[in-house]
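Read the structure below first, then the notes.
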Amino acid sequence: MVVIGEEGGTIEQQWRHKVQAYRSMLIPGFPNLFLMLGPNTPIGNFSVIAMSEVQMDYLLQLIQQWQQRHFDAVSARTSAMEAFNHTLKTAMKDTVWLGVCQSWYLDPDGDPAIWPFSWQRWVDEVAAPQMAHLRLHQYSNEPI
């Protein structure tokens with residue numbers, strides 16, 4: 001399946017150099033694309049079922065905001081995604097994940113693709129949408 005973003009590029013093109021998403025669920029430039037178990041979701045060290053439930057709760061809250069605020073689409077702000085991923089990368093520097101071995105936990109640049117924190121930190125991180133980190137798109141004439 002080819003998914004094309006608002007600038008005409010595909011996810012494959014955007015992820016050519018670095019696979020990343022905001023809170024593992026949203027990608028800048030791809031409005032209304034919601035990922036489950038996306039990049040940096042803690043799938044290697046926690047229950048996939050529990051993670052999916054937490055992500056779905058987050059997305060349902062986002063949909064409620066959508067209904068209340070009447071926007072047409074939502075995507076992550078690039079700055080929010082970059083800050084999120086910088087936090088993850090910084091947290092990894094003193095872990096075993098950055099050892100000399102090669103594994104599926106590391107991307108081609110040697111950056112970890114796994115969640116570096118606790119389960120509780122994941123739950124807290126995705127407990128509720130931070131609307132300031134998101135771009136609300138309005139295509140109709142109604143105000144947001």
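Letters for chains follow the order of the structure tokens (A, B, ...), residue numbers begin at 1 for each chain, and ligand numbers begin at 1 in the order shown.
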
Segment 4-141 of chain A: residues DSSP assigns to alpha helix (DSSP H), reported as an MDAnalysis selection string
chainID A and resid 11:14 48:69 78:92 119:125

Output C-alpha atoms for every residue in that selection, as a PDB file, in the first residue's frame.
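The result, written out as part_20.pdb:
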```
ATOM      1  CA  ILE A  11       6.135   7.330   3.845  1.00  0.00           C
ATOM      2  CA  GLU A  12       8.814   5.212   2.207  1.00  0.00           C
ATOM      3  CA  GLN A  13      10.462   8.394   0.914  1.00  0.00           C
ATOM      4  CA  GLN A  14      10.141  10.162   4.256  1.00  0.00           C
ATOM      5  CA  VAL A  48       1.842  -5.776  22.649  1.00  0.00           C
ATOM      6  CA  ILE A  49      -1.773  -6.093  23.775  1.00  0.00           C
ATOM      7  CA  ALA A  50      -1.352  -3.627  26.646  1.00  0.00           C
ATOM      8  CA  MET A  51       0.561  -1.227  24.399  1.00  0.00           C
ATOM      9  CA  SER A  52      -2.128  -1.366  21.747  1.00  0.00           C
ATOM     10  CA  GLU A  53      -4.773  -0.598  24.357  1.00  0.00           C
ATOM     11  CA  VAL A  54      -2.829   2.428  25.597  1.00  0.00           C
ATOM     12  CA  GLN A  55      -2.305   3.686  22.049  1.00  0.00           C
ATOM     13  CA  MET A  56      -5.972   3.177  21.201  1.00  0.00           C
ATOM     14  CA  ASP A  57      -6.997   5.184  24.286  1.00  0.00           C
ATOM     15  CA  TYR A  58      -4.737   8.016  23.084  1.00  0.00           C
ATOM     16  CA  LEU A  59      -6.203   7.909  19.576  1.00  0.00           C
ATOM     17  CA  LEU A  60      -9.771   7.839  20.903  1.00  0.00           C
ATOM     18  CA  GLN A  61      -9.027  10.959  22.959  1.00  0.00           C
ATOM     19  CA  LEU A  62      -7.654  12.566  19.815  1.00  0.00           C
ATOM     20  CA  ILE A  63     -10.841  11.680  17.935  1.00  0.00           C
ATOM     21  CA  GLN A  64     -12.886  13.236  20.767  1.00  0.00           C
ATOM     22  CA  GLN A  65     -10.869  16.443  20.364  1.00  0.00           C
ATOM     23  CA  TRP A  66     -11.560  16.237  16.649  1.00  0.00           C
ATOM     24  CA  GLN A  67     -15.302  16.061  17.282  1.00  0.00           C
ATOM     25  CA  GLN A  68     -15.274  18.882  19.845  1.00  0.00           C
ATOM     26  CA  ARG A  69     -13.014  21.277  17.932  1.00  0.00           C
ATOM     27  CA  THR A  78       7.853  18.260  12.984  1.00  0.00           C
ATOM     28  CA  SER A  79       9.377  20.005  16.003  1.00  0.00           C
ATOM     29  CA  ALA A  80       7.399  17.771  18.395  1.00  0.00           C
ATOM     30  CA  MET A  81       8.473  14.618  16.581  1.00  0.00           C
ATOM     31  CA  GLU A  82      12.109  15.713  16.568  1.00  0.00           C
ATOM     32  CA  ALA A  83      12.008  16.548  20.294  1.00  0.00           C
ATOM     33  CA  PHE A  84      10.350  13.208  21.093  1.00  0.00           C
ATOM     34  CA  ASN A  85      12.963  11.280  19.123  1.00  0.00           C
ATOM     35  CA  HIS A  86      15.841  13.313  20.560  1.00  0.00           C
ATOM     36  CA  THR A  87      14.663  12.384  24.062  1.00  0.00           C
ATOM     37  CA  LEU A  88      14.652   8.710  23.107  1.00  0.00           C
ATOM     38  CA  LYS A  89      18.086   8.837  21.510  1.00  0.00           C
ATOM     39  CA  THR A  90      19.597  10.717  24.457  1.00  0.00           C
ATOM     40  CA  ALA A  91      18.157   8.201  26.935  1.00  0.00           C
ATOM     41  CA  MET A  92      19.756   5.331  25.039  1.00  0.00           C
ATOM     42  CA  TRP A 119       6.252   0.868  31.104  1.00  0.00           C
ATOM     43  CA  GLN A 120       4.849   3.604  33.369  1.00  0.00           C
ATOM     44  CA  ARG A 121       6.731   6.265  31.412  1.00  0.00           C
ATOM     45  CA  TRP A 122       5.133   4.936  28.201  1.00  0.00           C
ATOM     46  CA  VAL A 123       1.663   5.035  29.769  1.00  0.00           C
ATOM     47  CA  ASP A 124       2.278   8.579  31.042  1.00  0.00           C
ATOM     48  CA  GLU A 125       3.737   9.729  27.709  1.00  0.00           C
TER      49      GLU A 125
END
```

Find the residues near Asn40 of chain A: any atom within 9 Å, counting only C-alpha atoms, skip ones fewer than 4 places away on the same chain, and give them as a PDB file with C-alpha atoms, in the first residue's frame.
```pdb
ATOM      1  CA  GLN A  20      10.503   7.951  13.194  1.00  0.00           C
ATOM      2  CA  ALA A  21       7.127   9.149  14.389  1.00  0.00           C
ATOM      3  CA  ARG A  23       4.797   9.195  20.130  1.00  0.00           C
ATOM      4  CA  SER A  24       5.096   6.227  17.767  1.00  0.00           C
ATOM      5  CA  ASN A  85      12.963  11.280  19.123  1.00  0.00           C
ATOM      6  CA  LEU A  88      14.652   8.710  23.107  1.00  0.00           C
ATOM      7  CA  PRO A 112      17.889   2.377  18.776  1.00  0.00           C
ATOM      8  CA  ALA A 113      14.405   1.622  17.560  1.00  0.00           C
ATOM      9  CA  ILE A 114      13.150   0.537  20.968  1.00  0.00           C
ATOM     10  CA  TRP A 115      11.611   2.355  23.929  1.00  0.00           C
ATOM     11  CA  PRO A 116      14.338   3.180  26.491  1.00  0.00           C
TER      12      PRO A 116
END
```

Near-Val74 of chain A list (10 Å; only C-alpha atoms; drop same-chain fewer than 3 positions) as a list in words
Leu26, Ile27, Pro28, Gly29, Phe30, Pro31, Asn32, Leu33, Phe34, Leu62, Ile63, Trp66, Phe71, Arg77, Met131, Leu134, Arg135, Leu136, His137 and Gln138 of chain A

With C-alpha atoms retained, could you export that selection as a PDB file, in the first residue's frame?
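Contents of again.pdb, as written:
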```
ATOM      1  CA  LEU A  26       1.750  10.277  14.141  1.00  0.00           C
ATOM      2  CA  ILE A  27       3.947  11.428  11.266  1.00  0.00           C
ATOM      3  CA  PRO A  28       4.345  15.075  10.221  1.00  0.00           C
ATOM      4  CA  GLY A  29       2.951  15.668   6.754  1.00  0.00           C
ATOM      5  CA  PHE A  30       0.617  12.682   6.851  1.00  0.00           C
ATOM      6  CA  PRO A  31      -2.691  14.015   8.226  1.00  0.00           C
ATOM      7  CA  ASN A  32      -5.095  11.477   9.702  1.00  0.00           C
ATOM      8  CA  LEU A  33      -2.591   8.641   9.491  1.00  0.00           C
ATOM      9  CA  PHE A  34      -2.555   6.937  12.875  1.00  0.00           C
ATOM     10  CA  LEU A  62      -7.654  12.566  19.815  1.00  0.00           C
ATOM     11  CA  ILE A  63     -10.841  11.680  17.935  1.00  0.00           C
ATOM     12  CA  TRP A  66     -11.560  16.237  16.649  1.00  0.00           C
ATOM     13  CA  PHE A  71     -10.965  20.251  12.603  1.00  0.00           C
ATOM     14  CA  ARG A  77       4.349  18.965  14.275  1.00  0.00           C
ATOM     15  CA  MET A 131      -2.621  19.461  21.310  1.00  0.00           C
ATOM     16  CA  LEU A 134      -0.126  18.654  16.819  1.00  0.00           C
ATOM     17  CA  ARG A 135      -1.052  20.443  13.627  1.00  0.00           C
ATOM     18  CA  LEU A 136      -4.786  20.819  13.214  1.00  0.00           C
ATOM     19  CA  HIS A 137      -5.786  21.063   9.566  1.00  0.00           C
ATOM     20  CA  GLN A 138      -8.848  22.980   8.471  1.00  0.00           C
TER      21      GLN A 138
END
```

Between A:Val2, A:Asp111, A:Ala132, A:Tyr139, which residue has the minimum interatomic distance to Gly99 of chain A, considering only C-alpha atoms?
A:Asp111

Could you pull out all residues of segment 11-136 of chain A with a DSSP call of strand (DSSP E) and give them as a ChimeraX atom specification?
/A:73-76,134-136

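Residue nearest Pro42 of chain A within the list A:Phe117, A:His133, A:His70, A:Glu7: A:Phe117 [criterion: smallest interatomic distance, only C-alpha atoms].
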
For the atom pair atom CA of Val19 of chain A and atom CA of Pro39 of chain A, what is the interatomic distance in Å to one decimal place?
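One can read the atom CA of Val19 of chain A to atom CA of Pro39 of chain A distance as 6.6 Å.
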
Check the smallest atom-to-atom distance from each of A:Asn45, A:Ala76, A:Val3, A:His17 to Pro129 of chain A using only C-alpha atoms, then report the winner.
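Of A:Asn45, A:Ala76, A:Val3, A:His17, the one nearest Pro129 of chain A, counting only C-alpha atoms, is A:Ala76.
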
What does the distance from atom CA of Gly38 of chain A to atom CA of Cys101 of chain A come to in Å, to one decimal?
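Interatomic distance here is 23.4 Å.
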
Computed interatomic separation between atom CA of Thr10 of chain A and atom CA of Leu37 of chain A (Å):
19.1 Å
